[in-house]
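So this block is entry25.tsv, TSV, C-alpha atoms:
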```
chain	number	residue	atom	x	y	z
Y	1	MET	CA	-3.58	23.41	18.74
Y	2	ALA	CA	-5.91	21.75	16.27
Y	3	ASP	CA	-7.29	18.34	17.25
Y	4	PRO	CA	-4.11	16.24	17.53
Y	5	LEU	CA	-5.87	13.07	16.37
Y	6	PHE	CA	-7.08	14.75	13.16
Y	7	GLU	CA	-3.62	16.23	12.57
Y	8	PHE	CA	-1.98	12.86	13.10
Y	9	LEU	CA	-4.34	11.12	10.65
Y	10	LEU	CA	-3.68	13.81	8.04
Y	11	ARG	CA	0.04	13.25	8.47
Y	12	GLN	CA	-0.33	9.53	7.87
Y	13	GLY	CA	-2.65	9.95	4.91
Y	14	ASP	CA	-0.76	12.84	3.33
Y	15	ASN	CA	2.53	10.93	3.47
Y	16	THR	CA	1.06	7.99	1.59
Y	17	LEU	CA	-0.89	10.25	-0.77
Y	18	VAL	CA	2.01	12.48	-1.79
Y	19	LEU	CA	4.48	9.62	-2.13
Y	20	GLY	CA	1.88	7.51	-3.94
Y	21	HIS	CA	1.25	10.29	-6.43
Y	22	ARG	CA	4.98	10.92	-6.89
Y	23	ILE	CA	5.73	7.34	-7.82
Y	24	SER	CA	2.64	7.08	-10.01
Y	25	GLU	CA	4.36	9.74	-12.16
Y	26	TRP	CA	6.57	6.89	-13.39
Y	27	CYS	CA	3.65	4.95	-14.83
Y	28	GLY	CA	4.55	4.20	-18.45
Y	29	MET	CA	7.99	5.82	-18.08
Y	30	ALA	CA	10.09	3.51	-15.91
Y	31	PRO	CA	13.39	2.17	-17.29
Y	32	VAL	CA	12.07	-1.39	-17.72
Y	33	LEU	CA	8.61	-2.94	-17.73
Y	34	GLU	CA	9.07	-4.82	-14.44
Y	35	GLU	CA	9.99	-1.62	-12.63
Y	36	ASP	CA	7.11	0.22	-14.23
Y	37	ILE	CA	4.72	-2.43	-12.88
Y	38	ALA	CA	6.42	-2.46	-9.49
Y	39	LEU	CA	6.21	1.31	-9.10
Y	40	ALA	CA	2.57	1.39	-10.21
Y	41	ASN	CA	1.69	-1.38	-7.76
Y	42	THR	CA	3.48	0.37	-4.92
Y	43	ALA	CA	1.60	3.56	-5.79
Y	44	LEU	CA	-1.69	1.63	-5.68
Y	45	ASP	CA	-0.93	0.29	-2.21
Y	46	LEU	CA	-0.08	3.78	-0.99
Y	47	ILE	CA	-3.23	5.32	-2.45
Y	48	GLY	CA	-5.28	2.51	-0.91
Y	49	GLN	CA	-3.72	3.25	2.46
Y	50	THR	CA	-4.46	6.92	1.91
Y	51	GLN	CA	-8.16	6.14	1.53
Y	52	MET	CA	-8.14	4.45	4.94
Y	53	TRP	CA	-6.17	7.21	6.73
Y	54	LEU	CA	-7.96	10.17	5.19
Y	55	GLY	CA	-11.31	8.37	5.44
Y	56	LEU	CA	-10.80	8.07	9.18
Y	57	ALA	CA	-9.53	11.67	9.36
Y	58	GLY	CA	-12.82	12.80	7.79
Y	59	GLU	CA	-14.82	10.77	10.32
Y	60	VAL	CA	-12.82	12.15	13.24
Y	61	GLU	CA	-13.25	15.71	11.99
Y	62	SER	CA	-17.03	15.15	11.80
Y	63	GLY	CA	-17.39	17.89	9.22
Y	64	GLY	CA	-18.66	15.64	6.46
Y	65	ARG	CA	-15.43	15.69	4.45
Y	66	THR	CA	-14.56	12.46	2.65
Y	67	ALA	CA	-11.10	11.10	1.83
Y	68	ASP	CA	-11.50	12.56	-1.68
Y	69	ASP	CA	-12.45	15.98	-0.31
Y	70	LEU	CA	-9.34	16.00	1.84
Y	71	ALA	CA	-7.10	14.81	-0.98
Y	72	TYR	CA	-8.40	17.10	-3.72
Y	73	HIS	CA	-9.71	20.20	-2.01
Y	74	ARG	CA	-6.96	21.28	0.34
Y	75	ASP	CA	-4.12	23.61	-0.54
Y	76	VAL	CA	-0.42	23.26	0.13
Y	77	TRP	CA	-0.49	24.80	3.60
Y	78	ASP	CA	-3.10	22.29	4.74
Y	79	PHE	CA	-0.97	19.29	3.78
Y	80	ARG	CA	0.83	17.52	6.61
Y	81	SER	CA	3.19	15.33	4.62
Y	82	LEU	CA	6.92	15.10	5.24
Y	83	LEU	CA	9.11	17.23	2.99
Y	84	LEU	CA	10.82	14.03	1.81
Y	85	MET	CA	7.59	12.85	0.18
Y	86	GLU	CA	7.14	15.87	-2.10
Y	87	GLN	CA	10.73	15.92	-3.39
Y	88	PRO	CA	10.72	15.47	-7.16
Y	89	SER	CA	11.13	11.91	-8.40
Y	90	GLY	CA	14.32	12.86	-10.27
Y	91	ASP	CA	16.02	9.86	-11.85
Y	92	PHE	CA	15.19	6.28	-10.97
Y	93	GLY	CA	17.90	6.24	-8.28
Y	94	GLN	CA	16.43	9.26	-6.55
Y	95	THR	CA	12.97	7.68	-6.65
Y	96	ILE	CA	14.20	4.45	-5.11
Y	97	MET	CA	16.33	6.20	-2.48
Y	98	ARG	CA	13.38	8.37	-1.38
Y	99	GLN	CA	11.25	5.23	-1.20
Y	100	PHE	CA	13.83	3.33	0.84
Y	101	LEU	CA	14.43	6.11	3.37
Y	102	PHE	CA	10.67	6.33	3.92
Y	103	ASP	CA	9.92	2.57	3.83
Y	104	ALA	CA	12.54	1.95	6.54
Y	105	PHE	CA	10.77	4.52	8.72
Y	106	GLN	CA	7.22	3.49	7.81
Y	107	VAL	CA	7.73	-0.17	8.73
Y	108	GLU	CA	8.82	0.89	12.24
Y	109	ASN	CA	6.00	3.44	12.47
Y	110	LEU	CA	3.29	0.96	11.40
Y	111	ASN	CA	4.75	-1.76	13.54
Y	112	TRP	CA	4.29	0.49	16.56
Y	113	LEU	CA	0.82	1.60	15.44
Y	114	GLN	CA	-0.40	-2.01	15.22
Y	115	GLY	CA	-0.59	-1.84	19.01
Y	116	SER	CA	-2.16	1.64	19.14
Y	117	ALA	CA	-4.71	2.32	21.86
Y	118	HIS	CA	-6.99	3.59	19.06
Y	119	PRO	CA	-8.47	0.39	17.55
Y	120	ARG	CA	-9.20	1.87	14.11
Y	121	ILE	CA	-5.62	3.13	13.80
Y	122	ALA	CA	-4.34	-0.29	14.87
Y	123	GLU	CA	-6.48	-1.94	12.14
Y	124	ILE	CA	-5.23	0.35	9.40
Y	125	ALA	CA	-1.64	-0.09	10.54
Y	126	THR	CA	-1.94	-3.89	10.57
Y	127	LYS	CA	-3.33	-3.88	7.05
Y	128	SER	CA	-0.74	-1.40	5.76
Y	129	LEU	CA	2.25	-3.03	7.41
Y	130	LYS	CA	2.02	-6.12	5.19
Y	131	GLU	CA	2.31	-3.90	2.13
Y	132	ALA	CA	4.96	-1.61	3.61
Y	133	SER	CA	7.19	-4.56	4.55
Y	134	TYR	CA	7.03	-5.77	0.97
Y	135	HIS	CA	7.90	-2.28	-0.29
Y	136	LEU	CA	10.88	-2.17	2.05
Y	137	ASP	CA	12.15	-5.55	0.81
Y	138	ARG	CA	12.15	-4.26	-2.70
Y	139	SER	CA	13.48	-0.72	-2.15
Y	140	ARG	CA	16.24	-2.07	0.10
Y	141	ASP	CA	17.30	-4.71	-2.46
Y	142	THR	CA	17.29	-2.13	-5.22
Y	143	VAL	CA	19.33	0.40	-3.22
Y	144	VAL	CA	21.93	-2.31	-2.51
Y	145	ALA	CA	21.98	-3.59	-6.11
Y	146	LEU	CA	22.34	-0.14	-7.67
Y	147	GLY	CA	24.71	1.16	-4.98
Y	148	ASP	CA	26.99	-1.82	-5.44
Y	149	GLY	CA	26.40	-1.90	-9.19
Y	150	THR	CA	28.19	-0.09	-12.02
Y	151	PRO	CA	30.16	3.13	-11.46
Y	152	GLU	CA	27.26	4.99	-13.08
Y	153	SER	CA	24.55	3.46	-10.88
Y	154	HIS	CA	26.74	3.87	-7.79
Y	155	SER	CA	27.36	7.55	-8.40
Y	156	ARG	CA	23.66	8.19	-9.03
Y	157	MET	CA	22.65	6.42	-5.82
Y	158	GLN	CA	25.27	8.33	-3.84
Y	159	ALA	CA	24.07	11.61	-5.36
Y	160	ALA	CA	20.47	10.70	-4.47
Y	161	LEU	CA	21.48	9.91	-0.90
Y	162	ASP	CA	23.40	13.19	-0.54
Y	163	LEU	CA	20.43	15.12	-1.90
Y	164	LEU	CA	17.74	13.44	0.22
Y	165	TRP	CA	19.59	12.89	3.50
Y	166	PRO	CA	18.74	16.33	4.96
Y	167	PHE	CA	15.05	15.49	4.49
Y	168	ALA	CA	15.23	12.27	6.51
Y	169	GLY	CA	15.51	13.92	9.93
Y	170	GLU	CA	12.00	15.35	9.82
Y	171	MET	CA	10.56	11.84	10.21
Y	172	PHE	CA	11.87	11.71	13.78
Y	173	ILE	CA	10.88	15.16	15.01
Y	174	CYS	CA	8.54	14.93	17.99
Y	175	ASP	CA	6.17	17.91	18.25
Y	176	ASP	CA	3.06	18.79	20.29
Y	177	VAL	CA	0.82	16.52	18.21
Y	178	ASP	CA	3.16	13.57	18.78
Y	179	ILE	CA	3.47	14.32	22.48
Y	180	ALA	CA	-0.31	14.53	22.91
Y	181	LEU	CA	-0.93	11.23	21.14
Y	182	SER	CA	2.01	9.31	22.55
Y	183	SER	CA	0.93	10.19	26.08
Y	184	GLU	CA	-2.38	8.45	25.32
Y	185	GLY	CA	-0.72	5.43	23.73
Y	186	ILE	CA	-2.27	6.25	20.35
Y	187	ALA	CA	0.89	7.01	18.38
Y	188	PRO	CA	4.63	6.65	18.94
Y	189	ASP	CA	7.11	9.33	19.88
Y	190	PRO	CA	8.80	9.40	16.44
Y	191	SER	CA	12.21	10.16	17.93
Y	192	LEU	CA	12.17	6.68	19.47
Y	193	LEU	CA	11.92	5.08	16.02
Y	194	ARG	CA	15.27	6.49	14.95
Y	195	GLY	CA	17.43	3.71	16.41
Y	196	ALA	CA	15.77	0.93	14.41
Y	197	TRP	CA	15.73	3.10	11.29
Y	198	ASP	CA	19.44	3.89	11.65
Y	199	ALA	CA	20.22	0.18	11.94
Y	200	THR	CA	18.23	-0.77	8.80
Y	201	VAL	CA	19.59	2.11	6.75
Y	202	THR	CA	23.21	1.79	7.84
Y	203	GLN	CA	23.28	-1.90	7.00
Y	204	ALA	CA	21.76	-1.41	3.55
Y	205	LEU	CA	24.06	1.51	2.75
Y	206	ASN	CA	27.07	-0.52	3.82
Y	207	GLU	CA	26.04	-3.43	1.62
Y	208	GLY	CA	25.46	-1.01	-1.22
Y	209	THR	CA	28.90	0.65	-0.68
Y	210	LEU	CA	27.17	3.99	-0.09
Y	211	THR	CA	28.15	6.60	2.48
Y	212	ALA	CA	25.61	8.55	4.50
Y	213	PRO	CA	26.51	12.26	4.64
Y	214	GLY	CA	27.49	13.39	8.11
Y	215	GLY	CA	25.70	16.00	10.15
Y	216	ALA	CA	22.35	16.05	11.86
Y	217	PHE	CA	20.87	19.01	9.95
Y	218	ALA	CA	17.24	18.34	9.10
Y	219	GLN	CA	14.93	20.29	6.80
Y	220	LYS	CA	11.57	20.65	8.49
Y	221	GLY	CA	8.17	22.23	8.04
Y	222	GLY	CA	6.27	19.54	6.11
Y	223	LYS	CA	4.54	17.56	8.83
Y	224	ASP	CA	3.26	20.71	10.52
Y	225	GLY	CA	2.50	22.35	7.16
Y	226	SER	CA	4.45	25.51	7.99
Y	227	ARG	CA	7.06	25.36	5.23
Y	228	HIS	CA	6.36	23.07	2.33
Y	229	SER	CA	8.72	23.44	-0.61
Y	230	GLU	CA	7.50	24.83	-3.94
Y	231	HIS	CA	7.44	21.28	-5.30
Y	232	LEU	CA	4.24	20.35	-3.47
Y	233	GLY	CA	2.22	23.14	-5.07
Y	234	HIS	CA	3.26	22.06	-8.55
Y	235	MET	CA	2.43	18.47	-7.74
Y	236	LEU	CA	-1.01	19.36	-6.38
Y	237	ALA	CA	-1.72	21.47	-9.46
Y	238	THR	CA	-1.44	18.28	-11.51
Y	239	MET	CA	-3.00	15.92	-9.00
Y	240	GLN	CA	-5.99	18.10	-8.13
Y	241	PHE	CA	-6.71	19.56	-11.55
Y	242	LEU	CA	-9.56	17.31	-12.58
Y	243	PRO	CA	-11.72	17.35	-9.44
Y	244	ARG	CA	-11.21	21.11	-9.11
Y	245	ALA	CA	-11.96	21.94	-12.74
Y	246	TYR	CA	-14.85	19.47	-12.98
Y	247	PRO	CA	-16.18	19.13	-9.43
Y	248	ASP	CA	-19.07	16.90	-10.46
Y	249	ALA	CA	-17.04	14.54	-12.62
Y	250	ARG	CA	-17.90	10.88	-12.03
Y	251	TRP	CA	-16.45	7.64	-13.38
M	1	MET	CA	-39.86	-15.64	-2.30
M	2	SER	CA	-38.73	-17.06	1.03
M	3	LYS	CA	-35.37	-15.96	2.35
M	4	PRO	CA	-32.53	-18.10	0.95
M	5	THR	CA	-30.44	-19.80	3.61
M	6	ILE	CA	-26.98	-18.56	4.49
M	7	ASN	CA	-25.52	-21.75	3.01
M	8	GLN	CA	-27.34	-21.09	-0.23
M	9	ILE	CA	-25.91	-17.56	-0.32
M	10	TRP	CA	-22.38	-18.89	0.18
M	11	GLU	CA	-22.93	-21.30	-2.73
M	12	TRP	CA	-24.08	-18.44	-4.96
M	13	LEU	CA	-21.10	-16.33	-3.96
M	14	ASP	CA	-18.81	-19.22	-4.81
M	15	SER	CA	-19.92	-18.79	-8.42
M	16	VAL	CA	-18.77	-15.15	-8.55
M	17	PRO	CA	-15.34	-15.15	-10.20
M	18	ASP	CA	-12.48	-12.88	-9.22
M	19	PRO	CA	-12.49	-10.29	-12.05
M	20	GLU	CA	-8.74	-10.53	-12.61
M	21	ILE	CA	-8.19	-14.24	-11.90
M	22	PRO	CA	-11.45	-15.75	-13.16
M	23	VAL	CA	-10.51	-19.38	-12.31
M	24	ILE	CA	-11.10	-18.71	-8.62
M	25	SER	CA	-14.20	-17.38	-6.93
M	26	VAL	CA	-14.41	-14.54	-4.46
M	27	VAL	CA	-15.08	-17.20	-1.81
M	28	ASP	CA	-11.95	-19.16	-2.83
M	29	LEU	CA	-9.96	-15.96	-2.48
M	30	GLY	CA	-11.09	-15.67	1.14
M	31	ILE	CA	-12.31	-12.11	0.85
M	32	VAL	CA	-15.95	-12.79	1.74
M	33	ARG	CA	-15.75	-12.77	5.52
M	34	ASP	CA	-19.33	-12.91	6.64
M	35	VAL	CA	-22.88	-13.26	5.35
M	36	ASN	CA	-25.81	-12.27	7.55
M	37	TRP	CA	-29.46	-11.41	7.33
M	38	ASP	CA	-30.41	-8.17	9.02
M	39	LEU	CA	-34.22	-8.58	8.76
M	40	ASP	CA	-34.78	-8.48	4.98
M	41	MET	CA	-31.37	-6.91	4.26
M	42	LEU	CA	-28.54	-9.26	3.32
M	43	GLU	CA	-25.25	-8.00	4.66
M	44	VAL	CA	-22.05	-9.30	3.04
M	45	SER	CA	-18.72	-8.40	4.65
M	46	VAL	CA	-15.85	-8.17	2.19
M	47	THR	CA	-12.19	-7.56	2.99
M	48	PRO	CA	-9.77	-6.11	0.43
M	49	THR	CA	-6.75	-8.20	-0.58
M	50	TYR	CA	-4.45	-5.21	-0.99
M	51	SER	CA	-5.66	-1.84	0.23
M	52	GLY	CA	-5.35	-0.28	-3.22
M	53	CYS	CA	-6.47	-3.24	-5.33
M	54	PRO	CA	-8.63	-1.79	-8.11
M	55	ALA	CA	-10.58	-5.07	-8.35
M	56	THR	CA	-12.16	-4.50	-4.93
M	57	THR	CA	-14.85	-2.13	-6.21
M	58	VAL	CA	-15.61	-4.40	-9.14
M	59	ILE	CA	-15.87	-7.39	-6.80
M	60	SER	CA	-18.40	-5.61	-4.58
M	61	ARG	CA	-20.46	-4.75	-7.64
M	62	ASP	CA	-20.26	-8.32	-8.98
M	63	ILE	CA	-21.38	-9.74	-5.63
M	64	GLU	CA	-24.31	-7.39	-5.50
M	65	ALA	CA	-25.31	-8.19	-9.08
M	66	ALA	CA	-25.04	-11.96	-8.55
M	67	LEU	CA	-27.30	-11.80	-5.50
M	68	ARG	CA	-29.85	-9.54	-7.17
M	69	ASP	CA	-29.95	-11.88	-10.19
M	70	ARG	CA	-31.00	-14.63	-7.80
M	71	GLY	CA	-33.77	-12.55	-6.33
M	72	VAL	CA	-32.14	-11.04	-3.24
M	73	LYS	CA	-33.55	-7.53	-3.32
M	74	LYS	CA	-31.71	-5.77	-0.53
M	75	VAL	CA	-27.95	-6.22	-0.32
M	76	ARG	CA	-25.49	-4.24	1.72
M	77	ILE	CA	-21.73	-4.71	1.16
M	78	LYS	CA	-19.66	-3.93	4.21
M	79	THR	CA	-15.92	-3.40	3.94
M	80	LYS	CA	-14.06	-5.01	6.78
M	81	ILE	CA	-10.30	-4.44	7.10
M	82	SER	CA	-9.68	-6.36	10.30
M	83	PRO	CA	-8.47	-9.06	10.61
M	84	ALA	CA	-6.31	-8.20	7.62
M	85	TRP	CA	-6.59	-10.52	4.62
M	86	THR	CA	-4.01	-13.26	4.39
M	87	THR	CA	-3.28	-15.81	1.66
M	88	ASP	CA	-3.88	-18.47	4.34
M	89	TRP	CA	-7.56	-17.87	3.57
M	90	LEU	CA	-7.28	-19.16	-0.01
M	91	SER	CA	-9.39	-22.31	-0.28
M	92	LYS	CA	-7.97	-25.71	-1.27
M	93	LYS	CA	-10.10	-25.67	-4.40
M	94	GLY	CA	-8.82	-22.18	-5.16
M	95	ARG	CA	-5.22	-23.28	-4.79
M	96	LEU	CA	-5.73	-26.25	-7.14
M	97	ASN	CA	-7.38	-24.04	-9.74
M	98	LEU	CA	-4.64	-21.42	-9.54
M	99	GLU	CA	-2.00	-24.06	-10.12
M	100	LYS	CA	-3.92	-25.55	-13.08
M	101	TYR	CA	-4.29	-22.06	-14.53
M	102	GLY	CA	-0.51	-21.56	-14.37
M	103	ILE	CA	-0.24	-19.39	-11.27
M	104	ALA	CA	2.09	-20.74	-8.57
M	105	THR	CA	0.42	-20.82	-5.15
M	106	PRO	CA	1.64	-18.84	-2.12
M	107	GLN	CA	4.20	-20.56	0.07
M	108	ALA	CA	5.38	-19.64	3.56
M	109	THR	CA	8.96	-19.80	2.25
M	110	GLY	CA	8.20	-16.72	0.14
M	111	ARG	CA	9.01	-18.51	-3.14
M	112	PRO	CA	7.04	-20.82	-5.43
M	113	ALA	CA	7.37	-24.54	-4.67
M	114	HIS	CA	7.75	-25.31	-8.37
M	115	CYS	CA	7.02	-24.15	-11.90
M	116	PRO	CA	3.25	-24.55	-12.40
M	117	ARG	CA	3.88	-25.75	-15.97
M	118	CYS	CA	6.69	-28.35	-15.79
M	119	LYS	CA	6.89	-28.76	-11.96
M	120	SER	CA	10.64	-28.09	-11.90
M	121	GLU	CA	11.90	-26.65	-8.64
M	122	ASN	CA	14.48	-24.55	-10.45
M	123	VAL	CA	12.82	-21.18	-10.51
M	124	GLU	CA	14.05	-17.61	-10.17
M	125	LYS	CA	12.43	-14.29	-9.38
M	126	VAL	CA	12.03	-11.81	-12.21
M	127	SER	CA	10.24	-9.07	-10.28
M	128	GLN	CA	8.61	-8.64	-6.90
M	129	PHE	CA	5.47	-7.32	-8.57
M	130	GLY	CA	3.31	-8.79	-11.33
M	131	SER	CA	0.21	-8.12	-13.37
M	132	THR	CA	-1.93	-7.57	-10.26
M	133	PRO	CA	-0.99	-6.39	-6.74
M	134	CYS	CA	-1.32	-9.94	-5.40
M	135	LYS	CA	1.24	-11.51	-7.73
M	136	ALA	CA	4.98	-11.49	-8.47
M	137	GLN	CA	6.79	-12.56	-11.64
M	138	TRP	CA	8.97	-15.66	-11.63
M	139	ARG	CA	10.63	-17.78	-14.31
M	140	CYS	CA	11.42	-21.47	-14.61
M	141	THR	CA	15.07	-22.05	-15.43
M	142	ASP	CA	14.29	-25.51	-16.92
M	143	CYS	CA	11.32	-24.93	-19.24
M	144	LEU	CA	12.23	-21.22	-19.40
M	145	GLU	CA	8.60	-20.11	-19.14
M	146	PRO	CA	7.79	-17.05	-17.07
M	147	PHE	CA	4.88	-17.43	-14.66
M	148	ASP	CA	2.92	-15.58	-12.02
M	149	TYR	CA	3.43	-16.38	-8.34
M	150	PHE	CA	0.65	-15.53	-5.89
M	151	LYS	CA	2.48	-13.63	-3.15
M	152	CYS	CA	2.24	-15.01	0.37
M	153	ILE	CA	1.05	-12.39	2.84
```

Could the structure of this file be written out as structure tokens, please?
Amino acid sequence: MADPLFEFLLRQGDNTLVLGHRISEWCGMAPVLEEDIALANTALDLIGQTQMWLGLAGEVESGGRTADDLAYHRDVWDFRSLLLMEQPSGDFGQTIMRQFLFDAFQVENLNWLQGSAHPRIAEIATKSLKEASYHLDRSRDTVVALGDGTPESHSRMQAALDLLWPFAGEMFICDDVDIALSSEGIAPDPSLLRGAWDATVTQALNEGTLTAPGGAFAQKGGKDGSRHSEHLGHMLATMQFLPRAYPDARW
Amino acid sequence: MSKPTINQIWEWLDSVPDPEIPVISVVDLGIVRDVNWDLDMLEVSVTPTYSGCPATTVISRDIEAALRDRGVKKVRIKTKISPAWTTDWLSKKGRLNLEKYGIATPQATGRPAHCPRCKSENVEKVSQFGSTPCKAQWRCTDCLEPFDYFKCI
């Protein structure tokens, strides 16, 4: 197994990077100005968090790679982000549902990490949690408002939930990396975060008159990099174009 | 030139405006955490407000430029993320200036105390995010003016 600490940091940084890029795709295209600004600001927070996670990953690896090197010069199979993150933004409902399902997980994850035995991880988590909590407030409110909104908004939110639900389970899979780090008190066993996530999500879905699909089937293969969907490659082709085509480009 | 005192440095830094909210200084904002001489190198610790705030890089450059203009030759800016920035660190002067400028100050209740323009308490949220990561958009239901609210974190 590769160094579990490095793998774990890539997972954290790749989640925020891929989701941050996905929602930045809305910049200038959101349905109303306020949402455009909100999405762009959320993307900024996520990219800022990425710099901290991938920056630390580079230090831990000790190979001289910076956060930018890791973000722009790795291919699909080296990404350790959840499959949920790379799913296309779709319509606004799909974007907000993806955000909510992740935010509800991320707040629990960061909350745990604030007390990590690794002080640098604890610092990054403490900083990020303030932002993630704010994201959750907003994505939760929006899921409820659109779920319990017009017949059109309701049906779009339900369709988004049905589409994304099978991707939620991967957040709670506990593999060798998680076992190694949780035994040292560095990171949580993700399966233990499920209870709190279920409670947050169930309550919001109920308020939003939405129904979670049954079944425990979970798509997996993102966080260990073994089976990313074709969407990630297309996304990276856009995201990485400039630094790959013009490696010496500077602001 | 003899080494300026730490107090003198803080005074100089208090004249460096926030690039996006120029009525408050970087010291008012509470992001300058520490100033220290390391022999002839001046080390300034800066903490970001929001981790992705684009102003952070500009602020570091502005701080460096302001100190160089006053004759400090060697400056090192250190980014410090812990303890995490909180709006509790906004200075009193900063709060007053924000309010005068038309930006409602952060409140523990999570909502502005009143409209910065007409002081009415009848205000409503327009959006959780505003023109910069640190602000949200609100509106006064009496004078009907929209205004920025500095988020409390």

**Prompt:** Taking (0.4, -17.6, 3.1) in the file's coordinates as the center, which residues reach within 6 Å of it, counting all atoms listed in the file, put as a PyMOL selection string?
**Reply:** chain M and resi 87-88+106-108+152-153

**Request:** At a cut-off of 8 Å, list the chain M residues touching chain Y, using all atoms listed in the file, as a PyMOL selection string.
**Result:** chain M and resi 50-53+81-85+126-133+153

**Request:** Would you kindly return, as a VMD selection string, each protein, DNA or RNA residue with an atom no farther than 7 Å from any atom of M:Val44, considering all atoms listed in the file and excluding same-chain residues fewer than 2 positions away?
**Result:** chain M and resid 34 to 36 42 46 76 to 78

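Atom pair atom CA of M:Val58 / atom CA of M:Glu20 has a distance of 9.8 Å (rounded to one decimal).
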
**Request:** Write out as an MDAnalysis selection string the residues lying within 12 Å of Y:Leu9, counting only C-alpha atoms and excluding same-chain residues fewer than 5 positions away.
**Result:** chainID Y and resid 3:4 14:17 49:61 67 70 79:81 113 118 120:121 124:125 177:178 181 186:187 223

**Request:** Please identify all polymer residues within 10 Å of stretch 91-95 of chain M, counting all atoms listed in the file, omitting same-chain residues fewer than 5 positions from it, and present them as a ChimeraX atom specification.
**Result:** /M:23-30,100-101,103-106,150

Would you mind exporting the chosen residues as a compact mmCIF listing (two decimals), in the frame of the given file, restricted to C-alpha atoms?
```txt
# COMPACT_ATOMS: atom_id res chain seq x y z
CA VAL M 23 -10.51 -19.38 -12.31
CA ILE M 24 -11.10 -18.71 -8.62
CA SER M 25 -14.20 -17.38 -6.93
CA VAL M 26 -14.41 -14.54 -4.46
CA VAL M 27 -15.08 -17.20 -1.81
CA ASP M 28 -11.95 -19.16 -2.83
CA LEU M 29 -9.96 -15.96 -2.48
CA GLY M 30 -11.09 -15.67 1.14
CA LYS M 100 -3.92 -25.55 -13.08
CA TYR M 101 -4.29 -22.06 -14.53
CA ILE M 103 -0.24 -19.39 -11.27
CA ALA M 104 2.09 -20.74 -8.57
CA THR M 105 0.42 -20.82 -5.15
CA PRO M 106 1.64 -18.84 -2.12
CA PHE M 150 0.65 -15.53 -5.89
```

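Distance-wise, atom CA of M:Cys134 and atom CA of Y:Asn109 end up 23.5 Å apart.
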
**Radius query 12 Å about (-27.3, -12.2, 3.3), atoms used: all atoms listed in the file, as a VMD selection string** = chain M and resid 3 to 13 32 to 45 63 to 64 67 to 68 70 to 78

I want to know what sits within 6 Å of stretch 158-174 of chain Y, based on only C-alpha atoms, with residues of the same chain fewer than 4 positions away left out; could you give that as a PDB file with C-alpha atoms, in the frame of the given file?
```pdb
ATOM      1  CA  LEU Y  84      10.820  14.030   1.810  1.00  0.00           C
ATOM      2  CA  GLN Y  94      16.430   9.260  -6.550  1.00  0.00           C
ATOM      3  CA  ASP Y 178       3.160  13.570  18.780  1.00  0.00           C
ATOM      4  CA  PRO Y 190       8.800   9.400  16.440  1.00  0.00           C
ATOM      5  CA  SER Y 191      12.210  10.160  17.930  1.00  0.00           C
ATOM      6  CA  ALA Y 218      17.240  18.340   9.100  1.00  0.00           C
ATOM      7  CA  GLN Y 219      14.930  20.290   6.800  1.00  0.00           C
ATOM      8  CA  LYS Y 220      11.570  20.650   8.490  1.00  0.00           C
TER       9      LYS Y 220
END
```

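In this model, the gap between atom CA of M:Pro22 and atom CA of Y:Trp251 comes to 23.9 Å.
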
Y:Asn206: which residues within 10 Å, counting all atoms listed in the file, same-chain residues fewer than 6 positions away excluded, as a JSON list (two decimals) with C-alpha atoms, in the coordinates of the input?
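Writing the result to part-v4.json gives the following:
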```json
[["chain", "number", "residue", "atom", "x", "y", "z"],
["Y", 144, "VAL", "CA", 21.93, -2.31, -2.51],
["Y", 147, "GLY", "CA", 24.71, 1.16, -4.98],
["Y", 148, "ASP", "CA", 26.99, -1.82, -5.44],
["Y", 212, "ALA", "CA", 25.61, 8.55, 4.50]]
```

**Fill in**
Using all atoms listed in the file, the residue out of Y:Ala180, Y:Leu110, Y:Gly208, Y:Ala2 with shortest distance to Y:Thr150 is Y:Gly208
